[in-house]
>>> print(open('upload_31.cif').read())   # mmCIF, C-alpha atoms and all ligand atoms
data_work
#
loop_
_atom_site.label_atom_id
_atom_site.label_comp_id
_atom_site.auth_asym_id
_atom_site.auth_seq_id
_atom_site.Cartn_x
_atom_site.Cartn_y
_atom_site.Cartn_z
CA MET R 1 -8.94 -101.88 -111.22
CA LYS R 2 -12.34 -102.47 -109.69
CA THR R 3 -14.84 -100.05 -111.14
CA ALA R 4 -18.55 -99.41 -111.49
CA LEU R 5 -20.45 -97.07 -113.79
CA ILE R 6 -23.13 -94.55 -112.96
CA LEU R 7 -25.10 -93.20 -115.91
CA VAL R 8 -26.70 -89.82 -115.19
CA ASN R 9 -29.74 -88.46 -117.00
CA LEU R 10 -32.13 -85.56 -116.42
CA GLY R 11 -35.07 -87.32 -114.75
CA SER R 12 -38.86 -87.27 -115.08
CA PRO R 13 -41.69 -86.88 -112.56
CA ASP R 14 -42.50 -89.92 -110.38
CA SER R 15 -45.92 -90.10 -112.03
CA PRO R 16 -47.86 -88.05 -114.59
CA GLU R 17 -50.15 -86.71 -111.84
CA THR R 18 -50.15 -82.91 -111.45
CA ARG R 19 -48.89 -83.17 -107.85
CA ASP R 20 -45.75 -85.13 -108.85
CA VAL R 21 -45.18 -82.97 -111.93
CA ARG R 22 -45.30 -79.86 -109.69
CA VAL R 23 -42.70 -81.36 -107.32
CA TYR R 24 -40.49 -82.19 -110.33
CA LEU R 25 -40.87 -78.76 -111.93
CA ASN R 26 -40.09 -77.04 -108.63
CA GLU R 27 -36.87 -79.03 -108.21
CA PHE R 28 -35.89 -78.54 -111.87
CA LEU R 29 -36.60 -74.83 -112.14
CA MET R 30 -35.27 -73.94 -108.67
CA ASP R 31 -31.88 -75.16 -109.92
CA GLU R 32 -29.69 -72.04 -110.07
CA ARG R 33 -28.00 -73.36 -113.22
CA VAL R 34 -31.37 -73.54 -114.99
CA ILE R 35 -33.04 -70.30 -113.85
CA ASP R 36 -30.03 -68.20 -112.91
CA ILE R 37 -31.60 -65.25 -111.11
CA PRO R 38 -31.40 -64.37 -107.37
CA LYS R 39 -33.06 -67.00 -105.18
CA PHE R 40 -35.79 -64.68 -103.91
CA TRP R 41 -36.98 -63.85 -107.44
CA ARG R 42 -36.50 -67.43 -108.63
CA THR R 43 -38.71 -68.73 -105.81
CA LEU R 44 -41.38 -66.15 -106.59
CA LEU R 45 -41.26 -66.90 -110.31
CA VAL R 46 -41.12 -70.69 -110.07
CA LYS R 47 -43.40 -71.42 -107.11
CA GLY R 48 -45.71 -68.43 -107.61
CA ILE R 49 -46.10 -68.37 -111.39
CA ILE R 50 -44.48 -71.09 -113.53
CA SER R 51 -45.18 -74.27 -111.54
CA PRO R 52 -48.84 -73.60 -110.66
CA PHE R 53 -49.72 -72.84 -114.29
CA ARG R 54 -47.36 -75.27 -116.00
CA ALA R 55 -47.83 -78.34 -113.80
CA PRO R 56 -51.38 -79.27 -114.97
CA LYS R 57 -50.46 -78.63 -118.62
CA SER R 58 -47.20 -80.60 -118.44
CA ALA R 59 -48.99 -83.39 -116.51
CA ALA R 60 -51.44 -83.77 -119.41
CA LYS R 61 -48.47 -84.06 -121.80
CA TYR R 62 -46.72 -86.61 -119.56
CA ARG R 63 -49.94 -88.67 -119.44
CA ARG R 64 -49.86 -88.84 -123.25
CA ILE R 65 -46.31 -90.24 -123.37
CA TRP R 66 -46.41 -92.44 -120.21
CA THR R 67 -45.91 -96.18 -120.87
CA LYS R 68 -46.38 -99.43 -118.92
CA GLU R 69 -42.73 -99.10 -117.86
CA GLY R 70 -43.29 -95.49 -116.70
CA ALA R 71 -41.63 -92.34 -118.06
CA PRO R 72 -39.87 -93.11 -121.38
CA LEU R 73 -36.67 -91.28 -120.40
CA ILE R 74 -36.29 -93.36 -117.24
CA ALA R 75 -37.28 -96.69 -118.79
CA ILE R 76 -34.84 -96.16 -121.67
CA THR R 77 -32.03 -95.13 -119.32
CA GLU R 78 -32.66 -98.25 -117.24
CA ASN R 79 -32.52 -100.51 -120.31
CA LEU R 80 -29.39 -98.78 -121.60
CA THR R 81 -27.75 -99.29 -118.20
CA LYS R 82 -28.48 -103.04 -118.30
CA LEU R 83 -27.06 -103.36 -121.82
CA VAL R 84 -23.93 -101.39 -120.89
CA ALA R 85 -23.36 -103.66 -117.88
CA ALA R 86 -23.81 -106.78 -120.03
CA LYS R 87 -21.50 -105.48 -122.77
CA SER R 88 -18.71 -104.17 -120.52
CA GLY R 89 -18.86 -106.73 -117.72
CA ILE R 90 -18.70 -103.75 -115.33
CA PRO R 91 -21.52 -103.23 -112.81
CA ALA R 92 -23.62 -100.30 -114.06
CA TYR R 93 -26.20 -98.13 -112.30
CA TYR R 94 -28.16 -95.01 -113.22
CA CYS R 95 -29.39 -91.95 -111.39
CA MET R 96 -31.23 -88.75 -112.29
CA ARG R 97 -30.45 -85.03 -111.80
CA TYR R 98 -34.06 -84.34 -110.77
CA ALA R 99 -36.54 -86.62 -108.97
CA ASN R 100 -35.66 -90.32 -108.68
CA PRO R 101 -33.44 -92.30 -108.35
CA THR R 102 -31.23 -89.72 -106.64
CA PRO R 103 -27.41 -89.79 -106.85
CA SER R 104 -27.06 -90.23 -103.05
CA ALA R 105 -29.36 -93.27 -102.98
CA VAL R 106 -27.50 -94.86 -105.91
CA LEU R 107 -24.01 -94.11 -104.55
CA GLU R 108 -25.06 -95.71 -101.24
CA GLN R 109 -26.32 -98.77 -103.12
CA ILE R 110 -23.07 -99.03 -105.11
CA ALA R 111 -20.95 -98.78 -101.94
CA LYS R 112 -23.05 -101.46 -100.24
CA GLU R 113 -23.04 -103.89 -103.17
CA HIS R 114 -19.36 -103.34 -104.09
CA PRO R 115 -17.37 -102.49 -100.95
CA ASP R 116 -13.99 -102.97 -102.67
CA LEU R 117 -14.27 -100.54 -105.60
CA ASP R 118 -11.39 -98.31 -106.71
CA ALA R 119 -13.46 -95.96 -108.83
CA VAL R 120 -16.95 -95.10 -110.00
CA ILE R 121 -17.12 -93.61 -113.48
CA MET R 122 -19.90 -91.12 -114.03
CA VAL R 123 -21.31 -90.98 -117.57
CA PRO R 124 -23.46 -87.84 -117.97
CA LEU R 125 -25.90 -88.70 -120.77
CA TYR R 126 -25.44 -85.35 -122.48
CA PRO R 127 -23.23 -85.12 -125.57
CA HIS R 128 -22.93 -81.31 -125.27
CA TYR R 129 -21.87 -79.02 -122.45
CA ALA R 130 -24.52 -76.67 -121.06
CA MET R 131 -24.67 -75.26 -117.54
CA SER R 132 -28.35 -76.30 -117.43
CA SER R 133 -27.68 -79.92 -118.43
CA TYR R 134 -24.16 -81.43 -118.26
CA GLU R 135 -22.74 -79.06 -115.64
CA THR R 136 -25.65 -79.23 -113.20
CA ALA R 137 -25.83 -83.04 -113.45
CA VAL R 138 -22.10 -83.44 -112.80
CA GLU R 139 -22.03 -80.96 -109.91
CA HIS R 140 -25.09 -82.59 -108.33
CA VAL R 141 -23.50 -86.07 -108.38
CA LYS R 142 -20.20 -84.66 -107.08
CA ALA R 143 -22.05 -82.93 -104.21
CA ALA R 144 -23.72 -86.23 -103.25
CA PHE R 145 -20.36 -88.01 -103.49
CA ASN R 146 -18.63 -85.40 -101.29
CA ALA R 147 -21.44 -85.56 -98.74
CA GLY R 148 -20.90 -89.32 -98.25
CA LYS R 149 -17.86 -91.24 -97.03
CA TYR R 150 -16.83 -93.37 -99.96
CA SER R 151 -13.58 -95.27 -100.36
CA PHE R 152 -13.64 -95.08 -104.16
CA GLN R 153 -12.76 -92.21 -106.50
CA LEU R 154 -15.36 -90.54 -108.72
CA LEU R 155 -14.31 -89.97 -112.35
CA THR R 156 -16.33 -88.07 -114.96
CA VAL R 157 -16.72 -88.64 -118.70
CA PRO R 158 -16.40 -85.28 -120.56
CA PRO R 159 -18.91 -84.06 -123.19
CA PHE R 160 -18.60 -86.29 -126.24
CA TYR R 161 -20.18 -84.14 -129.00
CA ASN R 162 -17.18 -84.75 -131.30
CA HIS R 163 -16.26 -88.29 -130.22
CA PRO R 164 -15.94 -90.51 -133.34
CA SER R 165 -17.88 -93.33 -131.73
CA TYR R 166 -20.87 -91.10 -130.80
CA LEU R 167 -20.82 -89.45 -134.24
CA ARG R 168 -20.77 -92.85 -135.92
CA ALA R 169 -23.63 -94.18 -133.78
CA LEU R 170 -25.68 -91.07 -134.57
CA ALA R 171 -24.88 -91.14 -138.29
CA GLU R 172 -25.72 -94.84 -138.58
CA SER R 173 -29.01 -94.29 -136.73
CA ILE R 174 -29.89 -91.62 -139.31
CA ARG R 175 -28.65 -93.39 -142.48
CA PRO R 176 -31.65 -95.76 -143.03
CA PHE R 177 -34.05 -92.77 -142.92
CA LEU R 178 -32.24 -91.10 -145.81
CA SER R 179 -32.74 -93.98 -148.24
CA GLU R 180 -36.18 -92.56 -149.20
CA PRO R 181 -36.23 -89.21 -151.02
CA TYR R 182 -36.26 -86.20 -148.64
CA ASP R 183 -35.95 -82.44 -149.12
CA HIS R 184 -34.22 -81.44 -145.89
CA ILE R 185 -32.92 -82.80 -142.58
CA LEU R 186 -33.36 -80.59 -139.51
CA PHE R 187 -31.10 -81.17 -136.49
CA THR R 188 -33.08 -79.79 -133.56
CA TYR R 189 -31.41 -79.30 -130.17
CA HIS R 190 -32.84 -78.30 -126.80
CA GLY R 191 -32.39 -74.53 -126.55
CA VAL R 192 -30.70 -72.52 -123.80
CA PRO R 193 -30.90 -68.80 -122.95
CA VAL R 194 -28.26 -66.69 -124.75
CA ARG R 195 -27.26 -65.40 -121.29
CA HIS R 196 -26.05 -68.92 -120.40
CA ILE R 197 -23.76 -68.99 -123.44
CA LEU R 198 -22.24 -65.66 -122.40
CA LYS R 199 -21.85 -66.82 -118.80
CA SER R 200 -20.05 -70.03 -119.82
CA ASP R 201 -17.54 -68.15 -122.03
CA ILE R 202 -14.29 -68.52 -120.05
CA THR R 203 -12.56 -65.89 -122.20
CA GLY R 204 -15.31 -63.34 -121.51
CA CYS R 205 -14.87 -61.94 -125.02
CA HIS R 206 -15.60 -64.65 -127.59
CA CYS R 207 -19.10 -66.18 -127.62
CA MET R 208 -21.69 -64.07 -129.49
CA LYS R 209 -19.10 -61.25 -129.57
CA VAL R 210 -16.76 -62.35 -132.37
CA ASP R 211 -18.19 -62.69 -135.91
CA ASN R 212 -18.91 -66.37 -136.62
CA CYS R 213 -17.80 -67.09 -133.03
CA CYS R 214 -18.56 -70.79 -133.23
CA GLU R 215 -16.24 -71.25 -136.22
CA VAL R 216 -13.32 -69.18 -134.91
CA PRO R 217 -11.07 -71.39 -132.72
CA SER R 218 -11.25 -70.42 -129.03
CA PRO R 219 -10.79 -71.99 -125.58
CA ALA R 220 -14.43 -70.87 -125.02
CA HIS R 221 -15.59 -73.80 -127.13
CA GLN R 222 -14.86 -76.27 -124.34
CA PHE R 223 -17.99 -74.86 -122.64
CA CYS R 224 -19.95 -73.48 -125.61
CA TYR R 225 -23.18 -75.38 -126.26
CA ARG R 226 -23.73 -73.60 -129.60
CA HIS R 227 -20.26 -74.47 -130.89
CA GLN R 228 -20.64 -78.07 -129.79
CA VAL R 229 -24.04 -78.67 -131.40
CA LYS R 230 -22.71 -77.10 -134.60
CA VAL R 231 -19.76 -79.51 -134.61
CA THR R 232 -22.04 -82.52 -134.07
CA THR R 233 -24.32 -81.36 -136.92
CA ASP R 234 -21.52 -80.71 -139.43
CA ARG R 235 -19.58 -83.91 -138.62
CA VAL R 236 -22.67 -86.12 -138.91
CA ALA R 237 -23.66 -84.41 -142.18
CA GLU R 238 -20.12 -85.06 -143.46
CA LEU R 239 -20.29 -88.74 -142.48
CA LEU R 240 -23.58 -89.05 -144.37
CA ASN R 241 -22.52 -86.92 -147.37
CA ILE R 242 -25.46 -84.57 -146.89
CA PRO R 243 -24.98 -81.46 -149.04
CA LYS R 244 -24.77 -78.14 -147.11
CA ASP R 245 -28.07 -76.83 -148.52
CA LYS R 246 -29.96 -79.95 -147.41
CA TYR R 247 -29.46 -79.66 -143.66
CA SER R 248 -29.69 -77.06 -140.90
CA PHE R 249 -29.99 -76.86 -137.12
CA SER R 250 -32.37 -75.13 -134.74
CA PHE R 251 -33.28 -74.92 -131.03
CA GLN R 252 -36.49 -76.06 -129.34
CA SER R 253 -38.29 -76.04 -125.97
CA ARG R 254 -37.87 -72.36 -125.11
CA LEU R 255 -39.27 -71.35 -121.72
CA GLY R 256 -40.02 -67.76 -120.63
CA SER R 257 -39.50 -64.49 -122.48
CA ASP R 258 -35.67 -64.26 -122.45
CA LYS R 259 -33.75 -64.47 -125.69
CA TRP R 260 -32.75 -68.11 -126.34
CA LEU R 261 -30.50 -69.53 -129.03
CA GLN R 262 -32.00 -69.14 -132.50
CA PRO R 263 -33.37 -70.14 -134.93
CA TYR R 264 -36.29 -71.57 -132.98
CA THR R 265 -37.42 -75.01 -134.16
CA ALA R 266 -41.12 -74.04 -134.20
CA GLU R 267 -40.34 -71.12 -136.54
CA ARG R 268 -38.27 -73.36 -138.83
CA LEU R 269 -41.06 -75.96 -138.99
CA LYS R 270 -43.48 -73.19 -139.96
CA ASN R 271 -41.22 -71.69 -142.63
CA LEU R 272 -39.57 -74.75 -144.22
CA PRO R 273 -42.65 -75.65 -146.36
CA LYS R 274 -42.65 -72.05 -147.71
CA GLU R 275 -39.01 -72.62 -148.74
CA GLY R 276 -40.09 -75.67 -150.75
CA VAL R 277 -39.40 -78.37 -148.15
CA LYS R 278 -42.28 -80.83 -148.35
CA LYS R 279 -40.49 -83.97 -147.10
CA LEU R 280 -38.70 -83.28 -143.84
CA VAL R 281 -36.52 -85.53 -141.69
CA VAL R 282 -35.96 -84.42 -138.08
CA VAL R 283 -33.32 -85.62 -135.64
CA SER R 284 -32.58 -84.42 -132.08
CA PRO R 285 -29.00 -85.34 -131.11
CA ALA R 286 -28.93 -83.52 -127.72
CA PHE R 287 -31.35 -86.10 -126.34
CA VAL R 288 -29.90 -89.58 -126.20
CA ALA R 289 -33.19 -91.01 -124.89
CA ASP R 290 -36.66 -90.28 -126.20
CA CYS R 291 -38.56 -88.07 -123.79
CA LEU R 292 -41.28 -85.45 -123.51
CA GLU R 293 -39.32 -83.11 -125.78
CA THR R 294 -39.18 -85.62 -128.63
CA ILE R 295 -42.33 -87.73 -128.32
CA GLU R 296 -44.69 -84.91 -127.45
CA GLU R 297 -42.99 -81.74 -128.68
CA LEU R 298 -41.66 -83.10 -132.00
CA ASP R 299 -43.85 -86.09 -132.94
CA ASP R 300 -47.09 -84.32 -131.97
CA GLU R 301 -46.64 -80.54 -131.91
CA GLY R 302 -43.76 -80.33 -134.41
CA LYS R 303 -45.47 -82.52 -137.00
CA GLU R 304 -48.69 -80.53 -136.65
CA ILE R 305 -46.87 -77.19 -137.17
CA PHE R 306 -45.06 -78.52 -140.26
CA GLU R 307 -48.13 -80.10 -141.84
CA SER R 308 -50.51 -77.24 -141.13
CA ASN R 309 -48.09 -74.91 -142.92
CA GLY R 310 -47.92 -76.95 -146.12
CA GLY R 311 -45.44 -79.71 -145.21
CA GLU R 312 -46.39 -83.14 -146.57
CA HIS R 313 -44.13 -85.72 -144.97
CA PHE R 314 -42.62 -85.44 -141.47
CA THR R 315 -40.24 -88.18 -140.27
CA ARG R 316 -38.67 -88.00 -136.81
CA ILE R 317 -35.67 -90.25 -136.21
CA PRO R 318 -35.75 -91.92 -132.77
CA CYS R 319 -33.04 -90.98 -130.26
CA LEU R 320 -30.12 -93.38 -129.80
CA ASN R 321 -32.01 -95.05 -126.92
CA VAL R 322 -30.63 -98.63 -126.74
CA ASN R 323 -29.00 -98.69 -130.17
CA GLU R 324 -26.08 -101.15 -130.25
CA LEU R 325 -23.47 -98.67 -131.48
CA TRP R 326 -24.59 -96.28 -128.75
CA VAL R 327 -24.18 -98.98 -126.09
CA ASP R 328 -20.64 -99.53 -127.46
CA THR R 329 -20.03 -95.77 -127.29
CA VAL R 330 -21.02 -95.54 -123.63
CA VAL R 331 -18.70 -98.44 -122.78
CA GLN R 332 -15.87 -96.87 -124.78
CA LEU R 333 -16.33 -93.44 -123.16
CA ALA R 334 -16.17 -94.97 -119.69
CA GLU R 335 -13.12 -97.08 -120.53
CA GLU R 336 -11.28 -94.09 -122.03
CA THR R 337 -11.93 -92.00 -118.93
CA MET R 338 -10.71 -94.82 -116.69
CA ARG R 339 -7.54 -95.30 -118.78
CA SER R 340 -6.80 -91.56 -118.93
CA VAL R 341 -6.65 -91.49 -115.13
CA PHE R 342 -5.09 -94.82 -114.24
CA VAL R 343 -2.76 -95.62 -117.15
CA GLU R 344 -1.34 -92.12 -117.51
CA LYS R 345 -0.39 -91.97 -113.81
C1 LIG R 401 -29.73 -80.88 -123.73
C2 LIG R 401 -30.44 -81.13 -122.69
C3 LIG R 401 -31.24 -80.13 -121.99
C4 LIG R 401 -30.98 -78.78 -121.76
C5 LIG R 401 -29.79 -77.95 -122.15
C6 LIG R 401 -32.12 -78.26 -121.06
C7 LIG R 401 -32.27 -76.93 -120.66
C8 LIG R 401 -33.42 -76.40 -120.09
N1 LIG R 401 -34.63 -77.04 -119.84
C9 LIG R 401 -35.52 -76.17 -119.29
C10 LIG R 401 -36.85 -76.44 -118.88
C11 LIG R 401 -37.51 -77.68 -119.02
N2 LIG R 401 -37.04 -78.80 -119.70
C12 LIG R 401 -37.93 -79.82 -119.53
C13 LIG R 401 -37.80 -81.11 -120.02
C14 LIG R 401 -36.64 -81.66 -120.54
N3 LIG R 401 -35.43 -81.02 -120.75
C15 LIG R 401 -34.50 -81.90 -121.21
C16 LIG R 401 -33.15 -81.67 -121.54
C17 LIG R 401 -32.53 -80.42 -121.44
N4 LIG R 401 -33.02 -79.29 -120.87
C18 LIG R 401 -35.15 -83.19 -121.31
C19 LIG R 401 -34.50 -84.47 -121.76
C20 LIG R 401 -36.47 -83.03 -120.90
C21 LIG R 401 -37.57 -84.10 -120.88
C22 LIG R 401 -37.76 -84.72 -119.53
C23 LIG R 401 -38.74 -85.89 -119.56
O1 LIG R 401 -39.24 -86.24 -118.47
O2 LIG R 401 -39.03 -86.50 -120.59
C24 LIG R 401 -39.02 -79.38 -118.72
C25 LIG R 401 -40.16 -80.25 -118.15
C26 LIG R 401 -41.27 -80.49 -119.02
C27 LIG R 401 -42.07 -79.26 -119.30
O3 LIG R 401 -42.81 -78.81 -118.43
O4 LIG R 401 -41.89 -78.71 -120.40
C28 LIG R 401 -38.77 -78.04 -118.41
C29 LIG R 401 -39.62 -77.13 -117.56
C30 LIG R 401 -34.85 -74.93 -119.14
C31 LIG R 401 -35.50 -73.68 -118.52
C32 LIG R 401 -33.55 -75.07 -119.65
C33 LIG R 401 -32.44 -74.09 -119.73
C34 LIG R 401 -32.34 -73.00 -119.08
FE FE R 402 -35.18 -78.92 -120.67
FE FE R 403 -19.66 -69.86 -129.96
#
>>> encode(input="upload_31.cif", output="structure tokens")
Amino acid sequence: MKTALILVNLGSPDSPETRDVRVYLNEFLMDERVIDIPKFWRTLLVKGIISPFRAPKSAAKYRRIWTKEGAPLIAITENLTKLVAAKSGIPAYYCMRYANPTPSAVLEQIAKEHPDLDAVIMVPLYPHYAMSSYETAVEHVKAAFNAGKYSFQLLTVPPFYNHPSYLRALAESIRPFLSEPYDHILFTYHGVPVRHILKSDITGCHCMKVDNCCEVPSPAHQFCYRHQVKVTTDRVAELLNIPKDKYSFSFQSRLGSDKWLQPYTAERLKNLPKEGVKKLVVVSPAFVADCLETIEELDDEGKEIFESNGGEHFTRIPCLNVNELWVDTVVQLAEETMRSVFVEK
């Protein structure tokens, strides 16, 4: 089998200048899987209200996290891609859902450099399924693939929130930070609107409708972000022997006035010191690469909220980034997807 890999991440603006951030925000928020309202209203909201006000503020935040290599999320994805290629011996590329490099440009490059491929395996860099992350990235790459004339097949790695290799990589990345005394570990995940959870419920009658929905077995869980982040949290806590009263999970980065998944991370950071938590460890497993939401929102804003409310020690564990066990996981996920298609035939 001749294969290549394409790692897919979210994307960052081309530069931290307001102009480029506005272009990025427009593309991001005009995505119907992110702001799922009729196009007319979405255009009015995004181009008339959100982007003009948010772009300068977000640009200032991007300037604070920008490095010599550019946006952290892109630089880390590029380095991960190189390590995956070296480890697997399979040519590996990366593309982004928003901004650059685009899936069409990268698919063209792959076809040119490897004209005799049987398959390209897409690895969406999202452990959990959400219509605003995993689903939109996969559909966007598939649309670019279908628009071109490629002789290879496109295969897709499924969400890996409960994959033993991912759980192990995550647990081992956390373990060294628990050797010092701590009061609590908070697993914080990017939030999504509650409406998205209801929309993704294939049964139409389970998510947020059944008591303890995320613990009651259901086919809805295949697409339930809340269930999946809960599984990741509990499995990692089990691997690390963290007692139930010493960990919890919450959701960050809410945008707009809709109801999003709760509890909100900012509220938890404010209240934890009042509950006696002075030494806090924070980890964000939905992001596999450090980005604006971890470096700026957690390291800067999150720490400040915790400490100004009586917290004394705030430690944020870096994302998996280019961690060796994580590189192994990506290779394993791709190989398993390839085998499931070609060996089982
Ligand atoms: C788990 C992954 C992510 C989900 C789910 C997700 C949903 C989601 N995001 C927004 C709006 C914004 N997110 C922004 C940044 C951002 N989001 C993710 C991941 C998920 N988003 C990442 C990794 C990043 C960082 C990108 C980087 O360049 O470092 C932004 C842009 C920054 C800002 O202005 O705050 C917006 C906007 C919505 C509305 C949403 C679900 C509906
Ligand atoms: Fe986001
Ligand atoms: Fe659920």
>>> closest_residue(input="upload_31.cif", among="R:Phe160, R:Ala55, R:Val141, R:Asp201", to="Tyr94 of chain R", atoms="only C-alpha atoms")
R:Val141
>>> atom_distance(input="upload_31.cif", atom1="atom CA of Gln332 of chain R", atom2="atom C11 of ligand LIG 401 (chain R)")
29.5 Å
>>> residues_near_ligand(input="upload_31.cif", ligand="ligand FE 402 (chain R)", cutoff="12 Å", atoms="all atoms listed in the file", output="MDAnalysis selection string")
chainID R and resid 9:12 25 28:29 31 33:35 97:98 126 130:134 189:193 251:255 286:287 291:294 297
>>> closest_residue(input="upload_31.cif", among="R:Val277, R:Ala220, R:Val331, R:Ala143", to="His206 of chain R", atoms="only C-alpha atoms")
R:Ala220
>>> residues_near_ligand(input="upload_31.cif", ligand="ligand FE 403 (chain R)", cutoff="9 Å", atoms="all atoms listed in the file", output="MDAnalysis selection string")
chainID R and resid 197 201 206:210 212:216 218 220:221 224:228
>>> decode(input="upload_31.cif", residues="segment 78-98 of chain R", atoms="N, CA and C atoms", output="short mmCIF file (atom, residue, chain, number, x, y, z; two decimals), in the first residue's frame")
data_model
loop_
_atom_site.label_atom_id
_atom_site.label_comp_id
_atom_site.auth_asym_id
_atom_site.auth_seq_id
_atom_site.Cartn_x
_atom_site.Cartn_y
_atom_site.Cartn_z
N GLU R 78 3.24 21.82 12.36
CA GLU R 78 4.29 21.55 11.37
C GLU R 78 5.36 20.62 11.97
N ASN R 79 5.78 20.92 13.20
CA ASN R 79 6.80 20.07 13.84
C ASN R 79 6.29 18.67 14.10
N LEU R 80 5.03 18.57 14.53
CA LEU R 80 4.43 17.26 14.77
C LEU R 80 4.41 16.45 13.46
N THR R 81 4.05 17.12 12.38
CA THR R 81 3.97 16.45 11.08
C THR R 81 5.34 15.86 10.69
N LYS R 82 6.39 16.65 10.91
CA LYS R 82 7.75 16.17 10.57
C LYS R 82 8.11 14.95 11.40
N LEU R 83 7.78 14.99 12.70
CA LEU R 83 8.12 13.87 13.58
C LEU R 83 7.32 12.62 13.22
N VAL R 84 6.06 12.82 12.84
CA VAL R 84 5.22 11.68 12.44
C VAL R 84 5.78 11.04 11.17
N ALA R 85 6.21 11.87 10.23
CA ALA R 85 6.79 11.34 8.98
C ALA R 85 8.05 10.55 9.29
N ALA R 86 8.90 11.11 10.18
CA ALA R 86 10.17 10.44 10.51
C ALA R 86 9.90 9.11 11.22
N LYS R 87 8.93 9.11 12.12
CA LYS R 87 8.64 7.91 12.91
C LYS R 87 7.99 6.81 12.07
N SER R 88 7.08 7.21 11.19
CA SER R 88 6.29 6.20 10.45
C SER R 88 6.94 5.79 9.13
N GLY R 89 7.81 6.66 8.62
CA GLY R 89 8.37 6.40 7.29
C GLY R 89 7.34 6.67 6.19
N ILE R 90 6.22 7.29 6.55
CA ILE R 90 5.17 7.61 5.56
C ILE R 90 5.21 9.12 5.31
N PRO R 91 5.15 9.56 4.06
CA PRO R 91 5.15 11.01 3.84
C PRO R 91 3.98 11.66 4.56
N ALA R 92 4.24 12.75 5.29
CA ALA R 92 3.16 13.39 6.06
C ALA R 92 3.10 14.88 5.74
N TYR R 93 1.88 15.39 5.67
CA TYR R 93 1.62 16.79 5.34
C TYR R 93 0.62 17.32 6.37
N TYR R 94 0.42 18.64 6.39
CA TYR R 94 -0.64 19.17 7.25
C TYR R 94 -1.39 20.26 6.51
N CYS R 95 -2.66 20.43 6.89
CA CYS R 95 -3.44 21.55 6.38
C CYS R 95 -4.33 22.07 7.49
N MET R 96 -4.99 23.19 7.22
CA MET R 96 -5.81 23.84 8.26
C MET R 96 -7.25 23.98 7.78
N ARG R 97 -8.20 23.98 8.73
CA ARG R 97 -9.62 24.17 8.38
C ARG R 97 -9.85 25.61 7.93
N TYR R 98 -9.21 26.56 8.63
CA TYR R 98 -9.37 27.97 8.27
C TYR R 98 -7.99 28.55 7.93
#
